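Have a look at target.cif; it's mmCIF, C-alpha atoms:
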data_work
#
loop_
_atom_site.group_PDB
_atom_site.id
_atom_site.type_symbol
_atom_site.label_atom_id
_atom_site.label_comp_id
_atom_site.auth_asym_id
_atom_site.auth_seq_id
_atom_site.Cartn_x
_atom_site.Cartn_y
_atom_site.Cartn_z
ATOM 1 C CA MET A 438 75.218 36.850 163.030
ATOM 2 C CA THR A 439 77.611 38.192 160.423
ATOM 3 C CA GLU A 440 79.312 41.565 160.710
ATOM 4 C CA ALA A 441 77.401 42.755 157.634
ATOM 5 C CA THR A 442 74.071 41.887 159.277
ATOM 6 C CA LYS A 443 75.082 43.620 162.512
ATOM 7 C CA SER A 444 76.133 46.689 160.569
ATOM 8 C CA ARG A 445 72.846 46.773 158.638
ATOM 9 C CA GLU A 446 70.744 46.393 161.790
ATOM 10 C CA HIS A 447 72.743 49.119 163.515
ATOM 11 C CA SER A 448 72.216 51.391 160.538
ATOM 12 C CA ASP A 449 68.477 50.708 160.550
ATOM 13 C CA SER A 450 68.220 51.478 164.261
ATOM 14 C CA GLN A 451 70.092 54.738 163.844
ATOM 15 C CA ARG A 452 68.383 56.117 160.752
ATOM 16 C CA SER A 453 66.003 59.025 161.072
ATOM 17 C CA MET A 454 62.246 58.643 160.855
ATOM 18 C CA ARG A 455 61.027 59.211 157.286
ATOM 19 C CA ILE A 456 57.778 61.137 157.021
ATOM 20 C CA LEU A 457 55.879 62.148 153.889
ATOM 21 C CA ILE A 458 53.450 65.083 154.018
ATOM 22 C CA VAL A 459 50.827 64.993 151.260
ATOM 23 C CA ASP A 460 48.834 68.226 150.935
ATOM 24 C CA ASP A 461 48.035 70.413 147.936
ATOM 25 C CA HIS A 462 48.404 73.715 149.834
ATOM 26 C CA PRO A 463 52.062 74.882 149.928
ATOM 27 C CA ILE A 464 51.574 76.981 153.064
ATOM 28 C CA VAL A 465 50.038 74.042 154.924
ATOM 29 C CA ARG A 466 52.774 71.658 153.753
ATOM 30 C CA ASP A 467 55.499 74.041 154.902
ATOM 31 C CA ALA A 468 53.783 74.714 158.236
ATOM 32 C CA VAL A 469 53.356 71.015 158.996
ATOM 33 C CA ARG A 470 56.935 70.312 157.908
ATOM 34 C CA HIS A 471 58.195 73.050 160.236
ATOM 35 C CA LEU A 472 56.181 71.627 163.113
ATOM 36 C CA VAL A 473 57.420 68.087 162.460
ATOM 37 C CA LEU A 474 61.062 69.189 162.302
ATOM 38 C CA THR A 475 60.644 71.236 165.478
ATOM 39 C CA GLU A 476 59.436 68.197 167.383
ATOM 40 C CA PHE A 477 61.496 65.606 165.473
ATOM 41 C CA PRO A 478 64.651 67.441 164.332
ATOM 42 C CA ASP A 479 66.258 64.272 162.952
ATOM 43 C CA ALA A 480 63.271 63.359 160.796
ATOM 44 C CA ASP A 481 63.627 63.082 157.029
ATOM 45 C CA VAL A 482 60.539 64.937 155.774
ATOM 46 C CA GLY A 483 59.326 64.642 152.185
ATOM 47 C CA LEU A 484 56.597 66.698 150.520
ATOM 48 C CA ALA A 485 53.976 65.882 147.878
ATOM 49 C CA SER A 486 50.988 67.807 146.548
ATOM 50 C CA ASN A 487 49.057 65.038 144.791
ATOM 51 C CA ALA A 488 48.871 61.296 144.186
ATOM 52 C CA GLY A 489 51.425 61.338 141.366
ATOM 53 C CA GLU A 490 54.070 63.077 143.455
ATOM 54 C CA THR A 491 53.296 60.716 146.326
ATOM 55 C CA TRP A 492 53.983 57.633 144.224
ATOM 56 C CA THR A 493 57.135 59.211 142.771
ATOM 57 C CA HIS A 494 58.436 59.893 146.266
ATOM 58 C CA LEU A 495 57.644 56.374 147.469
ATOM 59 C CA HIS A 496 59.278 54.892 144.386
ATOM 60 C CA ASP A 497 62.510 56.666 145.295
ATOM 61 C CA SER A 498 62.361 56.194 149.052
ATOM 62 C CA THR A 499 60.563 54.119 151.661
ATOM 63 C CA CYS A 500 58.462 55.857 154.277
ATOM 64 C CA ASP A 501 57.749 55.278 157.986
ATOM 65 C CA LEU A 502 54.700 57.512 158.223
ATOM 66 C CA ILE A 503 52.438 59.444 155.846
ATOM 67 C CA LEU A 504 50.431 62.543 156.765
ATOM 68 C CA LEU A 505 47.668 62.678 154.161
ATOM 69 C CA ASP A 506 45.069 65.311 153.313
ATOM 70 C CA ILE A 507 41.705 64.335 151.817
ATOM 71 C CA GLY A 508 41.081 67.232 149.452
ATOM 72 C CA LEU A 509 43.714 66.534 146.822
ATOM 73 C CA PRO A 510 43.390 67.419 143.132
ATOM 74 C CA GLY A 511 42.771 64.469 140.837
ATOM 75 C CA THR A 512 42.908 61.296 142.915
ATOM 76 C CA ASN A 513 41.453 62.238 146.295
ATOM 77 C CA GLY A 514 42.972 61.395 149.654
ATOM 78 C CA LEU A 515 40.637 58.509 150.459
ATOM 79 C CA GLU A 516 41.240 56.827 147.119
ATOM 80 C CA LEU A 517 44.980 57.352 147.514
ATOM 81 C CA LEU A 518 44.765 55.968 151.057
ATOM 82 C CA LYS A 519 43.195 52.756 149.782
ATOM 83 C CA SER A 520 45.869 52.370 147.107
ATOM 84 C CA LEU A 521 48.678 53.054 149.566
ATOM 85 C CA LYS A 522 47.356 50.469 152.015
ATOM 86 C CA THR A 523 47.117 47.917 149.207
ATOM 87 C CA GLU A 524 50.699 48.613 148.156
ATOM 88 C CA SER A 525 52.148 48.888 151.662
ATOM 89 C CA PRO A 526 49.709 47.688 154.352
ATOM 90 C CA ALA A 527 52.189 48.189 157.202
ATOM 91 C CA THR A 528 52.837 51.894 156.540
ATOM 92 C CA PRO A 529 50.832 53.991 159.044
ATOM 93 C CA ILE A 530 48.833 56.837 157.543
ATOM 94 C CA LEU A 531 47.479 59.774 159.510
ATOM 95 C CA ILE A 532 44.693 61.718 157.833
ATOM 96 C CA LEU A 533 45.315 65.420 158.468
ATOM 97 C CA THR A 534 42.521 67.415 156.866
ATOM 98 C CA GLY A 535 40.200 70.348 157.077
ATOM 99 C CA TYR A 536 37.122 68.137 156.940
ATOM 100 C CA ALA A 537 35.396 67.477 160.262
ATOM 101 C CA GLU A 538 35.382 64.032 161.848
ATOM 102 C CA GLU A 539 31.682 63.471 161.253
ATOM 103 C CA GLN A 540 32.165 63.813 157.521
ATOM 104 C CA TYR A 541 35.080 61.503 156.727
ATOM 105 C CA ALA A 542 36.645 59.957 159.838
ATOM 106 C CA VAL A 543 34.786 56.655 159.762
ATOM 107 C CA ARG A 544 35.317 56.314 156.006
ATOM 108 C CA ALA A 545 39.044 56.948 156.476
ATOM 109 C CA ILE A 546 39.412 54.450 159.319
ATOM 110 C CA ARG A 547 37.547 51.837 157.312
ATOM 111 C CA ALA A 548 39.895 52.496 154.384
ATOM 112 C CA GLY A 549 42.941 51.783 156.551
ATOM 113 C CA ALA A 550 43.971 55.054 158.198
ATOM 114 C CA SER A 551 45.735 54.681 161.545
ATOM 115 C CA GLY A 552 44.457 58.044 162.743
ATOM 116 C CA TYR A 553 42.417 61.099 161.806
ATOM 117 C CA LEU A 554 43.002 64.718 162.796
ATOM 118 C CA THR A 555 41.561 67.989 161.582
ATOM 119 C CA LYS A 556 43.886 70.884 160.830
ATOM 120 C CA GLU A 557 42.335 72.712 163.771
ATOM 121 C CA ALA A 558 43.986 70.267 166.184
ATOM 122 C CA ALA A 559 46.587 71.612 168.590
ATOM 123 C CA ARG A 560 50.220 71.010 167.656
ATOM 124 C CA GLU A 561 50.614 68.888 170.793
ATOM 125 C CA GLU A 562 47.879 66.555 169.556
ATOM 126 C CA LEU A 563 49.543 66.201 166.162
ATOM 127 C CA THR A 564 52.859 65.483 167.856
ATOM 128 C CA THR A 565 51.232 62.824 170.030
ATOM 129 C CA ALA A 566 49.567 61.239 167.003
ATOM 130 C CA ILE A 567 52.868 61.086 165.092
ATOM 131 C CA ARG A 568 54.659 59.500 168.040
ATOM 132 C CA MET A 569 51.958 56.873 168.459
ATOM 133 C CA LEU A 570 51.731 55.963 164.776
ATOM 134 C CA ALA A 571 55.523 55.815 164.499
ATOM 135 C CA THR A 572 55.562 53.133 167.206
ATOM 136 C CA GLY A 573 52.889 51.033 165.533
ATOM 137 C CA GLU A 574 49.907 52.286 167.507
ATOM 138 C CA THR A 575 46.796 54.069 166.286
ATOM 139 C CA TYR A 576 45.572 57.505 167.286
ATOM 140 C CA VAL A 577 41.897 58.157 167.853
ATOM 141 C CA SER A 578 40.840 61.640 168.953
ATOM 142 C CA GLU A 579 37.736 62.229 171.048
ATOM 143 C CA GLY A 580 35.873 63.402 167.952
ATOM 144 C CA VAL A 581 36.764 60.253 166.047
ATOM 145 C CA LYS A 582 35.789 58.096 169.027
ATOM 146 C CA ARG A 583 32.317 59.618 168.931
ATOM 147 C CA GLU A 584 31.988 58.932 165.222
ATOM 148 C CA LEU A 585 33.222 55.358 165.550
ATOM 149 C CA PHE A 586 30.756 54.779 168.378
ATOM 150 C CA ARG A 587 27.949 56.041 166.191
ATOM 151 C CA ALA A 588 29.127 53.836 163.347
ATOM 152 C CA VAL A 589 28.759 50.641 165.382
ATOM 153 C CA GLN A 590 25.195 51.490 166.377
ATOM 154 C CA SER A 591 22.302 50.008 164.448
ATOM 155 C CA HIS A 592 21.652 51.312 160.947
ATOM 156 C CA ALA A 593 18.389 52.716 162.225
ATOM 157 C CA SER A 594 20.327 55.284 164.261
ATOM 158 C CA GLU A 595 22.647 56.306 161.399
ATOM 159 C CA ARG A 596 22.156 59.572 159.640
ATOM 160 C CA PRO A 597 21.110 58.873 156.032
ATOM 161 C CA HIS A 598 24.265 60.296 154.430
ATOM 162 C CA GLN A 599 26.400 57.953 156.537
ATOM 163 C CA THR A 600 24.913 54.983 154.707
ATOM 164 C CA LEU A 601 26.159 56.244 151.345
ATOM 165 C CA SER A 602 29.067 54.532 149.636
ATOM 166 C CA ASP A 603 32.194 56.607 148.978
ATOM 167 C CA ARG A 604 31.209 57.035 145.333
ATOM 168 C CA GLU A 605 27.631 57.975 146.206
ATOM 169 C CA PHE A 606 28.923 60.504 148.702
ATOM 170 C CA ALA A 607 31.260 61.942 146.070
ATOM 171 C CA VAL A 608 28.342 62.475 143.708
ATOM 172 C CA PHE A 609 26.248 63.911 146.527
ATOM 173 C CA CYS A 610 28.920 66.493 147.436
ATOM 174 C CA ARG A 611 29.257 67.688 143.867
ATOM 175 C CA LEU A 612 25.556 67.884 143.121
ATOM 176 C CA ALA A 613 24.957 69.696 146.414
ATOM 177 C CA ALA A 614 27.704 72.135 145.434
ATOM 178 C CA GLY A 615 25.768 73.020 142.282
ATOM 179 C CA ARG A 616 27.509 70.879 139.646
ATOM 180 C CA THR A 617 25.473 69.545 136.757
ATOM 181 C CA VAL A 618 25.294 65.843 135.977
ATOM 182 C CA CYS A 619 27.692 66.325 133.067
ATOM 183 C CA GLU A 620 30.161 68.265 135.200
ATOM 184 C CA VAL A 621 30.104 65.558 137.865
ATOM 185 C CA ALA A 622 30.579 62.905 135.201
ATOM 186 C CA THR A 623 33.659 64.693 133.870
ATOM 187 C CA GLU A 624 35.196 65.211 137.336
ATOM 188 C CA LEU A 625 34.682 61.597 138.377
ATOM 189 C CA SER A 626 35.441 60.041 134.975
ATOM 190 C CA LEU A 627 31.963 58.518 134.755
ATOM 191 C CA SER A 628 29.266 58.634 132.111
ATOM 192 C CA PRO A 629 26.347 61.059 132.624
ATOM 193 C CA LYS A 630 24.024 58.042 132.674
ATOM 194 C CA THR A 631 25.982 56.526 135.571
ATOM 195 C CA VAL A 632 25.891 59.799 137.503
ATOM 196 C CA SER A 633 22.137 59.999 136.933
ATOM 197 C CA THR A 634 21.830 56.501 138.379
ATOM 198 C CA TYR A 635 23.797 57.561 141.436
ATOM 199 C CA ARG A 636 21.573 60.624 141.785
ATOM 200 C CA SER A 637 18.490 58.411 141.764
ATOM 201 C CA ARG A 638 20.031 56.301 144.530
ATOM 202 C CA LEU A 639 20.730 59.453 146.526
ATOM 203 C CA PHE A 640 17.150 60.610 146.216
ATOM 204 C CA LEU A 641 15.952 57.221 147.451
ATOM 205 C CA LYS A 642 18.402 56.866 150.345
ATOM 206 C CA LEU A 643 18.050 60.458 151.546
ATOM 207 C CA ASP A 644 14.283 60.549 150.953
ATOM 208 C CA ILE A 645 14.483 63.648 148.753
ATOM 209 C CA HIS A 646 13.273 64.499 145.264
ATOM 210 C CA THR A 647 15.306 67.311 143.675
ATOM 211 C CA ASN A 648 18.809 68.743 143.480
ATOM 212 C CA GLN A 649 17.574 71.631 145.607
ATOM 213 C CA ASP A 650 16.709 69.076 148.286
ATOM 214 C CA LEU A 651 20.329 67.867 148.119
ATOM 215 C CA VAL A 652 21.548 71.395 148.828
ATOM 216 C CA ARG A 653 19.077 71.785 151.681
ATOM 217 C CA TYR A 654 20.128 68.428 153.155
ATOM 218 C CA ALA A 655 23.805 69.395 153.079
ATOM 219 C CA ILE A 656 23.077 72.696 154.822
ATOM 220 C CA GLU A 657 20.859 71.109 157.469
ATOM 221 C CA HIS A 658 23.510 68.491 158.300
ATOM 222 C CA LYS A 659 26.380 70.999 158.105
ATOM 223 C CA LEU A 660 28.197 69.015 155.416
ATOM 224 C CA GLU A 661 30.965 70.711 153.466
ATOM 225 C CA THR A 662 30.403 70.354 149.749
ATOM 226 C CA GLY A 663 33.518 72.088 148.473
ATOM 227 C CA SER A 664 35.338 69.772 146.099
ATOM 228 C CA PRO A 665 37.035 67.156 148.296
ATOM 229 C CA GLY A 666 38.230 65.323 145.198
ATOM 230 C CA LEU A 667 36.411 62.164 146.178
#
Could I get this structure in the form of C-alpha cells?
Amino acid sequence: MTEATKSREHSDSQRSMRILIVDDHPIVRDAVRHLVLTEFPDADVGLASNAGETWTHLHDSTCDLILLDIGLPGTNGLELLKSLKTESPATPILILTGYAEEQYAVRAIRAGASGYLTKEAAREELTTAIRMLATGETYVSEGVKRELFRAVQSHASERPHQTLSDREFAVFCRLAAGRTVCEVATELSLSPKTVSTYRSRLFLKLDIHTNQDLVRYAIEHKLETGSPGL
C-alpha cells in the first residue's frame, strides 16, 4: 500500500459525518440541525428546502445520510427519494415528516427509505435512527412495523386507499382537499383529462361516487389532505 493510499484512507476514517437535512420549514430545519449537532458535534450538516437545493448541495458535496421531509414544494419528498436512490442507491435516507406512519411509511420504505420517523418522535429516537443508518442499518419504529405487517397481509385485509398508486393517492389527497380537476392538473403537471381518469379510478377502487364521498372517506380514515406535494 502506497503512502498516498494510506493517507487517503486515514483521511476518510477521520472525516466528520456529512448529513443533509431537507425540509421546507426554516424553524424545523434549524431545530433538527441543532439536535444533530448536539448529539454529533463533529458532523458536517447541510440544509436544503426543496429538490433543487438538494441536488445543488449533492453536486457540490457527497453525503453520508439524508433526513428528508415528504411535504416539499414542487417535487415532493417521495419523488425526490426515488430519484436520490436511483442516483445514489447506497446513501441512507431517513424520512422525517409530519405525516403519520399509516399514511406514507410503507410507500416510503418501498421507494427506498432506510427509515421513517414522524416529527413527534422523541429526540432520543431520532438520534438512535441516525446512528443506525450511519452504520448501514435500517431503522423501523413500532408504528412502521405495524404498517409493514399490514402491508404483507392479503389484499383483502388492506384498506382501500392503501391499494392506490402514488399518483392516484396524490390526486385523491388534492381532490379531498377541495381542489378542482383543473387545479389538480396544474399542480401535478397533468392534463385535466388525465386527472379525470384518475378520479374515475379512485371512485372505482374506493367504492364511492362523488368528490364529497372523497372528502368523507378522508375524514373517516383520518387521512391528512393538506398538500403533501405528491
message: For a test of reading the model, state the distance in Å between CA of Thr512 (chain A) and CA of His496 (chain A), rounded to one decimal.
response: 17.6 Å
- request: Show which residues sit within 12 Å of Glu516 (chain A), as an NGL selection string. Count only C-alpha atoms, and ignore same-chain residues fewer than 6 positions away.
  value: :A and (487-488 or 505-510 or 522-523 or 544-545 or 547-550 or 603-604 or 607 or 625 or 665-667)
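Put simply, CA of Ile503 (chain A) is 16.5 Å away from CA of Pro463 (chain A).
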message: Just want the 6 Å neighbourhood of region 572-580 of chain A, counted on only C-alpha atoms, with same-chain residues fewer than 3 positions away dropped. Output as an MDAnalysis selection string.
response: chainID A and resid 551:552 566 569 583
field: Within 12 Å of region 626-631 of chain A using all atoms listed in the file, minus same-chain residues under 2 positions, as a list of chain:residue names
entry: A:Gly511, A:Thr512, A:Arg604, A:Glu605, A:Ala607, A:Val608, A:Thr617, A:Val618, A:Cys619, A:Glu620, A:Val621, A:Ala622, A:Thr623, A:Glu624, A:Ser633, A:Thr634, A:Tyr635, A:Arg636, A:Ser637, A:Arg638, A:Gly666, A:Leu667
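In this comparison, which uses all atoms listed in the file, the residue of A:Leu612, A:Ala558, A:Ile458, A:Leu643 approaching Pro597 (chain A) most closely is A:Leu643.
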- request: Using all atoms listed in the file, determine which residues lie at most 9 Å from Gly615 (chain A), disregarding the query and same-chain residues fewer than 4 positions distant; provide the list as a PyMOL selection string.
  value: chain A and resi 610-611+648-649+652
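The shortest atom-to-atom distance to Thr499 (chain A), with only C-alpha atoms taken into account, belongs to A:Ser525 out of A:Ser525, A:Ser486, A:Thr475, A:Asn513.
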statement: re CA of Ala614 (chain A) and CA of Gln599 (chain A): distance 18.1 Å
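Counting all atoms listed in the file, Leu521 (chain A) has the following residues at most 9 Å away, ignoring those fewer than 6 positions along the same chain: Trp492, Thr528 and Ile530 of chain A.
Distances here use only C-alpha atoms; by that measure, the residue among A:Ala613, A:Val465, A:Leu518, A:Leu601 closest to Ile656 (chain A) is A:Ala613.
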message: Using only C-alpha atoms, can you tell me which of A:Ala655, A:Leu554, A:Ala571, A:Asp461 comes closest to Ala480 (chain A)?
response: A:Ala571
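Using all atoms listed in the file, the shortest contact distance between Glu661 (chain A) and any of A:His471, A:Arg596, A:Gln540, A:Arg455 is found at A:Gln540.
Across A:Ile456, A:Val632, A:Leu639, A:Leu472, the tightest approach to Ala485 (chain A) is made by A:Ile456 when counting only C-alpha atoms.
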Pull out every residue that the PyMOL selection byres ((chain A and resi 557) around 12) matches in the shown coordinates and put them as a JSON list (two decimals) with C-alpha atoms, keeping the file's coordinate frame.
[["chain", "number", "residue", "atom", "x", "y", "z"],
["A", 465, "VAL", "CA", 50.04, 74.04, 154.92],
["A", 533, "LEU", "CA", 45.32, 65.42, 158.47],
["A", 534, "THR", "CA", 42.52, 67.42, 156.87],
["A", 535, "GLY", "CA", 40.20, 70.35, 157.08],
["A", 536, "TYR", "CA", 37.12, 68.14, 156.94],
["A", 537, "ALA", "CA", 35.40, 67.48, 160.26],
["A", 538, "GLU", "CA", 35.38, 64.03, 161.85],
["A", 553, "TYR", "CA", 42.42, 61.10, 161.81],
["A", 554, "LEU", "CA", 43.00, 64.72, 162.80],
["A", 555, "THR", "CA", 41.56, 67.99, 161.58],
["A", 556, "LYS", "CA", 43.89, 70.88, 160.83],
["A", 558, "ALA", "CA", 43.99, 70.27, 166.18],
["A", 559, "ALA", "CA", 46.59, 71.61, 168.59],
["A", 560, "ARG", "CA", 50.22, 71.01, 167.66],
["A", 561, "GLU", "CA", 50.61, 68.89, 170.79],
["A", 562, "GLU", "CA", 47.88, 66.56, 169.56],
["A", 563, "LEU", "CA", 49.54, 66.20, 166.16]]
